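Enquirer: Have a peek at work_17.pdb (PDB, C-alpha atoms and all ligand atoms).
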```pdb
MODEL        1
ATOM      1  CA  MET A 176      23.816  26.823 -37.914  1.00  0.00           C
ATOM      2  CA  LYS A 177      25.434  29.584 -35.874  1.00  0.00           C
ATOM      3  CA  LYS A 178      22.010  31.105 -35.291  1.00  0.00           C
ATOM      4  CA  ASP A 179      20.765  27.763 -33.992  1.00  0.00           C
ATOM      5  CA  LEU A 180      23.672  27.477 -31.556  1.00  0.00           C
ATOM      6  CA  VAL A 181      23.056  30.971 -30.234  1.00  0.00           C
ATOM      7  CA  ALA A 182      19.347  30.253 -29.822  1.00  0.00           C
ATOM      8  CA  VAL A 183      20.047  27.005 -27.940  1.00  0.00           C
ATOM      9  CA  ALA A 184      22.623  28.765 -25.751  1.00  0.00           C
ATOM     10  CA  ILE A 185      20.099  31.452 -24.783  1.00  0.00           C
ATOM     11  CA  LEU A 186      17.397  28.848 -24.114  1.00  0.00           C
ATOM     12  CA  TRP A 187      19.898  26.848 -22.027  1.00  0.00           C
ATOM     13  CA  ALA A 188      20.828  29.899 -19.966  1.00  0.00           C
ATOM     14  CA  VAL A 189      17.161  30.775 -19.317  1.00  0.00           C
ATOM     15  CA  LEU A 190      16.214  27.215 -18.356  1.00  0.00           C
ATOM     16  CA  THR A 191      19.245  26.965 -16.066  1.00  0.00           C
ATOM     17  CA  LEU A 192      18.375  30.217 -14.319  1.00  0.00           C
ATOM     18  CA  VAL A 193      14.767  29.095 -13.823  1.00  0.00           C
ATOM     19  CA  ALA A 194      15.889  25.678 -12.522  1.00  0.00           C
ATOM     20  CA  GLU A 195      18.467  27.190 -10.131  1.00  0.00           C
ATOM     21  CA  ALA A 196      15.882  29.651  -8.822  1.00  0.00           C
ATOM     22  CA  MET A 197      13.526  26.726  -8.168  1.00  0.00           C
ATOM     23  CA  VAL A 198      16.251  24.692  -6.421  1.00  0.00           C
ATOM     24  CA  LEU A 199      17.322  27.567  -4.179  1.00  0.00           C
ATOM     25  CA  GLY A 200      13.895  29.100  -3.667  1.00  0.00           C
ATOM     26  CA  TRP A 201      11.767  26.054  -3.004  1.00  0.00           C
ATOM     27  CA  HIS A 202      12.294  24.290   0.265  1.00  0.00           C
ATOM     28  CA  VAL A 203      11.351  20.841  -0.865  1.00  0.00           C
ATOM     29  CA  LEU A 204      13.230  18.930   1.840  1.00  0.00           C
ATOM     30  CA  PRO A 205      11.286  17.669   4.843  1.00  0.00           C
ATOM     31  CA  ILE A 206      12.228  18.787   8.349  1.00  0.00           C
ATOM     32  CA  ASN A 207      15.765  17.851   9.419  1.00  0.00           C
ATOM     33  CA  ALA A 208      16.500  17.375  13.106  1.00  0.00           C
ATOM     34  CA  SER A 209      20.012  15.921  13.228  1.00  0.00           C
ATOM     35  CA  GLU A 210      23.622  16.911  12.536  1.00  0.00           C
ATOM     36  CA  GLU A 211      24.099  13.862  10.309  1.00  0.00           C
ATOM     37  CA  GLY A 212      20.957  14.792   8.378  1.00  0.00           C
ATOM     38  CA  GLN A 213      22.565  18.137   7.514  1.00  0.00           C
ATOM     39  CA  VAL A 214      25.368  16.282   5.690  1.00  0.00           C
ATOM     40  CA  VAL A 215      22.741  14.420   3.653  1.00  0.00           C
ATOM     41  CA  ASP A 216      20.718  17.567   2.927  1.00  0.00           C
ATOM     42  CA  ASP A 217      23.810  19.533   1.896  1.00  0.00           C
ATOM     43  CA  ALA A 218      24.774  16.736  -0.516  1.00  0.00           C
ATOM     44  CA  TYR A 219      21.258  16.688  -1.974  1.00  0.00           C
ATOM     45  CA  THR A 220      21.193  20.447  -2.458  1.00  0.00           C
ATOM     46  CA  LEU A 221      24.643  20.526  -4.084  1.00  0.00           C
ATOM     47  CA  LEU A 222      23.759  17.683  -6.453  1.00  0.00           C
ATOM     48  CA  THR A 223      20.542  19.415  -7.476  1.00  0.00           C
ATOM     49  CA  ILE A 224      22.382  22.702  -8.095  1.00  0.00           C
ATOM     50  CA  MET A 225      24.910  20.849 -10.260  1.00  0.00           C
ATOM     51  CA  ALA A 226      22.233  18.885 -12.097  1.00  0.00           C
ATOM     52  CA  ALA A 227      20.222  21.965 -13.103  1.00  0.00           C
ATOM     53  CA  PRO A 228      22.541  23.161 -15.934  1.00  0.00           C
ATOM     54  CA  VAL A 229      22.936  19.600 -17.270  1.00  0.00           C
ATOM     55  CA  PHE A 230      19.177  19.075 -17.293  1.00  0.00           C
ATOM     56  CA  GLY A 231      18.678  22.534 -18.807  1.00  0.00           C
ATOM     57  CA  PHE A 232      21.160  21.716 -21.583  1.00  0.00           C
ATOM     58  CA  VAL A 233      19.443  18.451 -22.485  1.00  0.00           C
ATOM     59  CA  ILE A 234      15.969  19.998 -22.488  1.00  0.00           C
ATOM     60  CA  ALA A 235      17.091  23.130 -24.424  1.00  0.00           C
ATOM     61  CA  THR A 236      18.805  21.059 -27.126  1.00  0.00           C
ATOM     62  CA  LEU A 237      15.973  18.553 -27.356  1.00  0.00           C
ATOM     63  CA  ALA A 238      13.129  21.070 -27.371  1.00  0.00           C
ATOM     64  CA  TYR A 239      14.857  23.370 -29.874  1.00  0.00           C
ATOM     65  CA  SER A 240      15.694  20.496 -32.215  1.00  0.00           C
ATOM     66  CA  VAL A 241      12.168  19.110 -32.104  1.00  0.00           C
ATOM     67  CA  PHE A 242      10.696  22.455 -33.170  1.00  0.00           C
ATOM     68  CA  ARG A 243      13.427  23.823 -35.403  1.00  0.00           C
ATOM     69  CA  PHE A 244      14.294  20.653 -37.331  1.00  0.00           C
ATOM     70  CA  ARG A 245      10.866  19.068 -37.501  1.00  0.00           C
ATOM     71  CA  ARG A 246       9.775  17.603 -40.816  1.00  0.00           C
ATOM     72  CA  ARG A 247       7.886  20.076 -42.965  1.00  0.00           C
ATOM     73  CA  GLY A 248       5.839  18.863 -45.894  1.00  0.00           C
ATOM     74  CA  VAL A 249       8.155  15.972 -46.691  1.00  0.00           C
ATOM     75  CA  PRO A 250       6.437  12.795 -47.857  1.00  0.00           C
ATOM     76  CA  ASP A 251       6.452   9.719 -45.631  1.00  0.00           C
ATOM     77  CA  GLY A 252       9.725   7.940 -45.046  1.00  0.00           C
ATOM     78  CA  ASP A 253      12.988   8.549 -43.221  1.00  0.00           C
ATOM     79  CA  GLY A 254      14.620  11.953 -43.249  1.00  0.00           C
ATOM     80  CA  PRO A 255      18.191  12.432 -44.514  1.00  0.00           C
ATOM     81  CA  PRO A 256      20.814  10.655 -42.365  1.00  0.00           C
ATOM     82  CA  MET A 257      22.676  12.812 -39.867  1.00  0.00           C
ATOM     83  CA  MET A 258      26.205  12.141 -38.761  1.00  0.00           C
ATOM     84  CA  GLY A 259      27.244  12.917 -35.206  1.00  0.00           C
ATOM     85  CA  SER A 260      30.014  15.350 -34.456  1.00  0.00           C
ATOM     86  CA  LYS A 261      33.066  13.749 -32.912  1.00  0.00           C
ATOM     87  CA  ARG A 262      33.955  16.952 -31.109  1.00  0.00           C
ATOM     88  CA  VAL A 263      30.536  17.267 -29.510  1.00  0.00           C
ATOM     89  CA  VAL A 264      30.582  13.625 -28.404  1.00  0.00           C
ATOM     90  CA  LEU A 265      34.068  13.956 -26.932  1.00  0.00           C
ATOM     91  CA  ALA A 266      33.169  17.173 -25.123  1.00  0.00           C
ATOM     92  CA  TRP A 267      29.975  15.622 -23.730  1.00  0.00           C
ATOM     93  CA  VAL A 268      31.825  12.525 -22.456  1.00  0.00           C
ATOM     94  CA  ALA A 269      34.626  14.647 -20.980  1.00  0.00           C
ATOM     95  CA  VAL A 270      32.331  17.104 -19.188  1.00  0.00           C
ATOM     96  CA  THR A 271      29.894  14.527 -17.795  1.00  0.00           C
ATOM     97  CA  SER A 272      32.755  12.224 -16.716  1.00  0.00           C
ATOM     98  CA  ALA A 273      34.467  15.112 -14.941  1.00  0.00           C
ATOM     99  CA  LEU A 274      31.197  15.992 -13.169  1.00  0.00           C
ATOM    100  CA  THR A 275      30.728  12.347 -12.150  1.00  0.00           C
ATOM    101  CA  VAL A 276      34.238  12.070 -10.720  1.00  0.00           C
ATOM    102  CA  LEU A 277      33.715  15.374  -8.930  1.00  0.00           C
ATOM    103  CA  VAL A 278      30.523  14.240  -7.167  1.00  0.00           C
ATOM    104  CA  ILE A 279      32.121  10.890  -6.241  1.00  0.00           C
ATOM    105  CA  ILE A 280      34.816  12.907  -4.417  1.00  0.00           C
ATOM    106  CA  HIS A 281      32.514  15.629  -3.128  1.00  0.00           C
ATOM    107  CA  PRO A 282      29.975  15.228  -1.647  1.00  0.00           C
ATOM    108  CA  GLY A 283      30.447  11.424  -1.986  1.00  0.00           C
ATOM    109  CA  ILE A 284      33.719  10.582  -0.260  1.00  0.00           C
ATOM    110  CA  THR A 285      33.885  13.771   1.812  1.00  0.00           C
ATOM    111  CA  GLY A 286      30.355  13.160   3.111  1.00  0.00           C
ATOM    112  CA  MET A 287      31.139   9.531   3.988  1.00  0.00           C
ATOM    113  CA  LEU A 288      34.269  10.665   5.832  1.00  0.00           C
ATOM    114  CA  GLU A 289      32.291  13.261   7.743  1.00  0.00           C
ATOM    115  CA  LEU A 290      29.687  10.707   8.798  1.00  0.00           C
ATOM    116  CA  GLY A 291      32.549   8.294   9.626  1.00  0.00           C
ATOM    117  CA  GLN A 292      33.968  10.835  12.060  1.00  0.00           C
ATOM    118  CA  HIS A 293      30.662  10.759  13.894  1.00  0.00           C
ATOM    119  CA  ALA A 294      30.994   6.992  14.150  1.00  0.00           C
ATOM    120  CA  GLN A 295      34.428   7.293  15.737  1.00  0.00           C
ATOM    121  CA  ALA A 296      33.539   9.890  18.322  1.00  0.00           C
ATOM    122  CA  ALA A 297      32.267   8.697  21.678  1.00  0.00           C
ATOM    123  CA  SER A 298      28.516   8.446  21.976  1.00  0.00           C
ATOM    124  CA  ASP A 299      26.587   9.887  24.914  1.00  0.00           C
ATOM    125  CA  LEU A 300      23.725   7.452  24.745  1.00  0.00           C
ATOM    126  CA  VAL A 301      23.366   3.868  23.497  1.00  0.00           C
ATOM    127  CA  VAL A 302      19.982   2.608  22.377  1.00  0.00           C
ATOM    128  CA  GLN A 303      19.603  -1.025  21.351  1.00  0.00           C
ATOM    129  CA  THR A 304      16.743  -1.172  18.907  1.00  0.00           C
ATOM    130  CA  GLU A 305      15.273  -4.478  17.865  1.00  0.00           C
ATOM    131  CA  GLY A 306      12.804  -4.927  15.039  1.00  0.00           C
ATOM    132  CA  SER A 307      10.344  -7.797  14.875  1.00  0.00           C
ATOM    133  CA  ARG A 308       7.199  -8.241  12.852  1.00  0.00           C
ATOM    134  CA  TRP A 309       5.774  -5.641  13.354  1.00  0.00           C
ATOM    135  CA  ALA A 310       7.105  -3.589  16.234  1.00  0.00           C
ATOM    136  CA  TRP A 311      10.226  -1.899  17.520  1.00  0.00           C
ATOM    137  CA  LYS A 312      11.713  -2.461  20.968  1.00  0.00           C
ATOM    138  CA  SER A 313      14.268   0.020  22.249  1.00  0.00           C
ATOM    139  CA  ALA A 314      16.502  -0.687  25.236  1.00  0.00           C
ATOM    140  CA  TYR A 315      18.326   2.179  26.945  1.00  0.00           C
ATOM    141  CA  ILE A 316      21.023  -0.075  28.381  1.00  0.00           C
ATOM    142  CA  GLN A 317      22.781   2.633  30.407  1.00  0.00           C
ATOM    143  CA  HIS A 318      19.512   3.491  32.138  1.00  0.00           C
ATOM    144  CA  GLY A 319      17.825   0.098  32.468  1.00  0.00           C
ATOM    145  CA  VAL A 320      14.791   1.184  30.476  1.00  0.00           C
ATOM    146  CA  THR A 321      12.997  -0.650  27.695  1.00  0.00           C
ATOM    147  CA  SER A 322      10.471   1.204  25.578  1.00  0.00           C
ATOM    148  CA  TYR A 323       8.016  -0.134  23.020  1.00  0.00           C
ATOM    149  CA  GLY A 324       5.697   2.803  22.568  1.00  0.00           C
ATOM    150  CA  GLU A 325       8.091   5.615  21.704  1.00  0.00           C
ATOM    151  CA  ILE A 326      11.708   6.635  21.464  1.00  0.00           C
ATOM    152  CA  VAL A 327      12.743   9.633  23.541  1.00  0.00           C
ATOM    153  CA  LEU A 328      16.116  11.267  22.908  1.00  0.00           C
ATOM    154  CA  PRO A 329      17.945  14.183  24.513  1.00  0.00           C
ATOM    155  CA  VAL A 330      18.778  17.038  22.152  1.00  0.00           C
ATOM    156  CA  ASP A 331      22.440  17.693  21.194  1.00  0.00           C
ATOM    157  CA  ARG A 332      23.652  14.308  22.427  1.00  0.00           C
ATOM    158  CA  ARG A 333      25.301  11.758  20.175  1.00  0.00           C
ATOM    159  CA  VAL A 334      23.237   8.571  20.141  1.00  0.00           C
ATOM    160  CA  ARG A 335      24.543   5.201  19.015  1.00  0.00           C
ATOM    161  CA  PHE A 336      21.739   2.978  17.840  1.00  0.00           C
ATOM    162  CA  GLU A 337      22.636  -0.706  17.856  1.00  0.00           C
ATOM    163  CA  VAL A 338      20.091  -2.244  15.544  1.00  0.00           C
ATOM    164  CA  THR A 339      19.061  -5.839  15.055  1.00  0.00           C
ATOM    165  CA  SER A 340      16.061  -7.976  14.165  1.00  0.00           C
ATOM    166  CA  THR A 341      14.471 -11.122  15.575  1.00  0.00           C
ATOM    167  CA  ASP A 342      12.910 -12.434  12.383  1.00  0.00           C
ATOM    168  CA  VAL A 343      13.294 -10.912   8.924  1.00  0.00           C
ATOM    169  CA  VAL A 344      15.233  -7.961   7.530  1.00  0.00           C
ATOM    170  CA  HIS A 345      13.756  -4.641   8.603  1.00  0.00           C
ATOM    171  CA  SER A 346      15.188  -1.181   8.158  1.00  0.00           C
ATOM    172  CA  PHE A 347      15.715   1.457  10.813  1.00  0.00           C
ATOM    173  CA  TRP A 348      14.708   4.851   9.457  1.00  0.00           C
ATOM    174  CA  VAL A 349      13.742   8.112  11.128  1.00  0.00           C
ATOM    175  CA  PRO A 350      12.866  10.532   8.288  1.00  0.00           C
ATOM    176  CA  ALA A 351      13.708  13.624  10.372  1.00  0.00           C
ATOM    177  CA  PHE A 352      17.219  12.225  11.018  1.00  0.00           C
ATOM    178  CA  ARG A 353      17.738  11.030   7.402  1.00  0.00           C
ATOM    179  CA  MET A 354      19.992   8.134   8.461  1.00  0.00           C
ATOM    180  CA  LYS A 355      18.940   4.585   7.649  1.00  0.00           C
ATOM    181  CA  VAL A 356      20.383   1.173   8.502  1.00  0.00           C
ATOM    182  CA  ASP A 357      19.235  -2.398   7.923  1.00  0.00           C
ATOM    183  CA  ALA A 358      18.001  -4.432  10.886  1.00  0.00           C
ATOM    184  CA  VAL A 359      19.306  -7.929  10.153  1.00  0.00           C
ATOM    185  CA  PRO A 360      18.619 -11.063  12.236  1.00  0.00           C
ATOM    186  CA  GLY A 361      21.799 -12.343  13.925  1.00  0.00           C
ATOM    187  CA  LEU A 362      23.691  -9.137  13.218  1.00  0.00           C
ATOM    188  CA  THR A 363      24.105  -5.799  14.975  1.00  0.00           C
ATOM    189  CA  THR A 364      24.338  -2.763  12.759  1.00  0.00           C
ATOM    190  CA  THR A 365      25.032   0.693  14.116  1.00  0.00           C
ATOM    191  CA  VAL A 366      23.954   4.164  13.177  1.00  0.00           C
ATOM    192  CA  TYR A 367      24.974   7.424  14.871  1.00  0.00           C
ATOM    193  CA  ILE A 368      22.509  10.224  15.253  1.00  0.00           C
ATOM    194  CA  THR A 369      22.893  13.574  16.968  1.00  0.00           C
ATOM    195  CA  PRO A 370      19.465  15.204  17.210  1.00  0.00           C
ATOM    196  CA  ASN A 371      19.928  18.968  17.074  1.00  0.00           C
ATOM    197  CA  ARG A 372      16.383  20.247  17.554  1.00  0.00           C
ATOM    198  CA  THR A 373      13.539  19.261  19.800  1.00  0.00           C
ATOM    199  CA  GLY A 374      10.321  17.970  18.334  1.00  0.00           C
ATOM    200  CA  SER A 375       7.815  15.174  18.238  1.00  0.00           C
ATOM    201  CA  LEU A 376       5.411  13.415  15.933  1.00  0.00           C
ATOM    202  CA  ALA A 377       2.818  16.047  16.801  1.00  0.00           C
ATOM    203  CA  ASP A 378       5.100  18.714  15.262  1.00  0.00           C
ATOM    204  CA  ASP A 379       6.157  16.815  12.178  1.00  0.00           C
ATOM    205  CA  ASN A 380       5.509  13.445  10.608  1.00  0.00           C
ATOM    206  CA  GLY A 381       9.281  12.939  10.224  1.00  0.00           C
ATOM    207  CA  PHE A 382       9.651  12.292  13.956  1.00  0.00           C
ATOM    208  CA  ARG A 383       8.989   8.579  13.826  1.00  0.00           C
ATOM    209  CA  LEU A 384      10.990   5.393  13.586  1.00  0.00           C
ATOM    210  CA  GLN A 385       9.608   3.727  10.506  1.00  0.00           C
ATOM    211  CA  CYS A 386      10.503   0.356   9.065  1.00  0.00           C
ATOM    212  CA  ALA A 387      11.765   1.036   5.551  1.00  0.00           C
ATOM    213  CA  GLU A 388      12.095  -2.538   4.303  1.00  0.00           C
ATOM    214  CA  LEU A 389       8.985  -4.355   3.134  1.00  0.00           C
ATOM    215  CA  CYS A 390       8.680  -7.047   5.789  1.00  0.00           C
ATOM    216  CA  GLY A 391       5.211  -8.490   5.424  1.00  0.00           C
ATOM    217  CA  PHE A 392       1.570  -7.734   6.027  1.00  0.00           C
ATOM    218  CA  GLY A 393       2.034  -5.324   8.953  1.00  0.00           C
ATOM    219  CA  HIS A 394       5.005  -3.428   7.475  1.00  0.00           C
ATOM    220  CA  TYR A 395       3.042  -0.194   7.169  1.00  0.00           C
ATOM    221  CA  VAL A 396       2.176  -0.123  10.878  1.00  0.00           C
ATOM    222  CA  MET A 397       5.764  -0.790  11.964  1.00  0.00           C
ATOM    223  CA  GLY A 398       6.515   2.647  13.309  1.00  0.00           C
ATOM    224  CA  VAL A 399       6.912   4.334  16.684  1.00  0.00           C
ATOM    225  CA  PRO A 400       6.932   8.057  17.507  1.00  0.00           C
ATOM    226  CA  VAL A 401      10.275   9.729  18.190  1.00  0.00           C
ATOM    227  CA  ARG A 402      10.479  12.632  20.643  1.00  0.00           C
ATOM    228  CA  VAL A 403      13.547  14.851  21.003  1.00  0.00           C
ATOM    229  CA  VAL A 404      13.560  16.724  24.311  1.00  0.00           C
ATOM    230  CA  GLU A 405      15.840  18.799  26.539  1.00  0.00           C
ATOM    231  CA  GLN A 406      18.236  16.840  28.768  1.00  0.00           C
ATOM    232  CA  GLY A 407      16.194  17.519  31.926  1.00  0.00           C
ATOM    233  CA  GLU A 408      13.004  16.284  30.327  1.00  0.00           C
ATOM    234  CA  PHE A 409      14.853  13.189  29.121  1.00  0.00           C
ATOM    235  CA  GLU A 410      16.045  12.394  32.638  1.00  0.00           C
ATOM    236  CA  ALA A 411      12.512  12.857  33.934  1.00  0.00           C
ATOM    237  CA  TRP A 412      11.225  10.445  31.299  1.00  0.00           C
ATOM    238  CA  ILE A 413      13.883   7.861  32.241  1.00  0.00           C
ATOM    239  CA  ALA A 414      12.878   8.167  35.911  1.00  0.00           C
ATOM    240  CA  GLN A 415       9.213   7.879  34.998  1.00  0.00           C
ATOM    241  CA  GLN A 416       9.985   4.651  33.126  1.00  0.00           C
ATOM    242  CA  GLY A 417      11.597   3.264  36.275  1.00  0.00           C
ATOM    243  CA  GLY A 418      15.140   3.704  35.003  1.00  0.00           C
ATOM    244  CA  ARG A 419      18.210   5.182  36.657  1.00  0.00           C
TER
HETATM  245 CU    CU B 501       8.957  -3.388   7.374  1.00  0.00          CU
ENDMDL
END
```
As a first step, turn the structure in this file into structure tokens.
Ligand SMILES: [Cu+2]

Expert:
Amino acid sequence: MKKDLVAVAILWAVLTLVAEAMVLGWHVLPINASEEGQVVDDAYTLLTIMAAPVFGFVIATLAYSVFRFRRRGVPDGDGPPMMGSKRVVLAWVAVTSALTVLVIIHPGITGMLELGQHAQAASDLVVQTEGSRWAWKSAYIQHGVTSYGEIVLPVDRRVRFEVTSTDVVHSFWVPAFRMKVDAVPGLTTTVYITPNRTGSLADDNGFRLQCAELCGFGHYVMGVPVRVVEQGEFEAWIAQQGGR
């Protein structure tokens, strides 16, 4: 029995090391272009780092047991009954509960608070975005500009998106900014985004406002390109659109 425990422990350690190396070495996340998105990415990375040893433990125990305790030459029928160990069960419940409470606090509550601080700070730009089957309309109310074809944003400025819908529930989602909010008829929802790098749909597929709530036949075409530019270029675009 002791030999089995040692073998499982070694297998667990190896699997955990491999999994952690994959988590830290592979950049699986798509491009991030906002401060708020960094909070989301950090949470994802931390959760994956924490999940690796748990996953490694389950796989090590399962795989070892399947091979080591498989039935050998026994006639058909059930094997001998096995009783669980109270200590193992208690330890498992205690450890996994502690991990759960930990992630609720951090990055759960701490991340929400951090994003909440963004919501309280003053925003530099207000964009009223309205979804309707199957297009997005964005009004730059401070500048007197309405845009259907694309959304242009200045880099390093806090943007408050006031989102609504004219017909059914849509969802405001720019993959490169990570943040997502429902667009609900008769309601205005808000989402704060601070783009922190310039880019456009030509650079990365994440630079687009995409409806993320199945809203009918044209749902898949309900997207507009998003372009993050320097402040000067933004002002030029506003002027070009006839704004002030
Ligand atoms: Cu949709």

Enquirer: Selection in question (the file shown): the PyMOL selection byres (((not hetatm)) within 12 of (chain B and resi 501)). Which residues does it include, as a PyMOL selection string?

Expert: chain A and resi 306-311+340+342-348+357-359+384-398

Enquirer: Just the number, please: distance in Å from atom CA of A:Val301 to atom CA of A:Asn371, one decimal.

Expert: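 So the answer is 16.8 Å.
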
Enquirer: Check what the PyMOL selection byres (((chain A and resi 221-233) around 8) and not hetatm) selects in the file above and give those residues as a compact mmCIF listing (two decimals) with C-alpha atoms, in the frame of the given file.

Expert:
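This is the output file out11.txt:
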```
# COMPACT_ATOMS: atom_id res chain seq x y z
CA TRP A 187 19.90 26.85 -22.03
CA ALA A 188 20.83 29.90 -19.97
CA LEU A 190 16.21 27.22 -18.36
CA THR A 191 19.24 26.96 -16.07
CA ALA A 194 15.89 25.68 -12.52
CA GLU A 195 18.47 27.19 -10.13
CA VAL A 198 16.25 24.69 -6.42
CA ASP A 217 23.81 19.53 1.90
CA ALA A 218 24.77 16.74 -0.52
CA TYR A 219 21.26 16.69 -1.97
CA THR A 220 21.19 20.45 -2.46
CA ILE A 234 15.97 20.00 -22.49
CA ALA A 235 17.09 23.13 -24.42
CA THR A 236 18.80 21.06 -27.13
CA LEU A 237 15.97 18.55 -27.36
CA VAL A 278 30.52 14.24 -7.17
CA PRO A 282 29.98 15.23 -1.65
```

Enquirer: Between atom CA of A:Thr321 and atom CA of A:Arg419, what is the distance in Å, rounded to a tenth?

Expert: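 Interatomic distance here is 11.9 Å.
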
Enquirer: From the list A:Glu410, A:Glu211, A:Asp179, A:Asp299, which residue is nearest A:Val349 when using all atoms listed in the file?

Expert: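 Looking at the shortest contact to A:Val349, the residue is A:Glu211.
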
Enquirer: Considering all atoms listed in the file, return as an MDAnalysis selection string whatever protein or nucleic-acid residues lie within 12 Å of A:Gln295, sequence-local ones (same chain, fewer than 5 positions apart) excluded.

Expert: chainID A and resid 288:290 333 335 365:367

Enquirer: Tell me, in Å to one decimal, how far atom CA of A:Ser260 is from atom CA of A:Thr275.

Expert: 22.5 Å

Enquirer: Which residue gives the smallest distance to A:Gln317 among A:Val302, A:Val330, A:Val241, A:Val263, with all atoms listed in the file counted?

Expert: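 Using all atoms listed in the file, A:Gln317 sits closest to A:Val302.
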
Enquirer: Identify which of the residues A:Gln415, A:Ser209, A:Thr364, A:Thr271 lies closest to A:Asp331, counting all atoms listed in the file when measuring atom-to-atom distances.

Expert: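 Checking each candidate against A:Asp331, we get A:Ser209 as the closest.
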
Enquirer: Return the single residue from A:Asp378, A:Val215, A:Gly417, A:Val404 that is closest to A:His281, with distances computed using all atoms listed in the file.

Expert: A:Val215
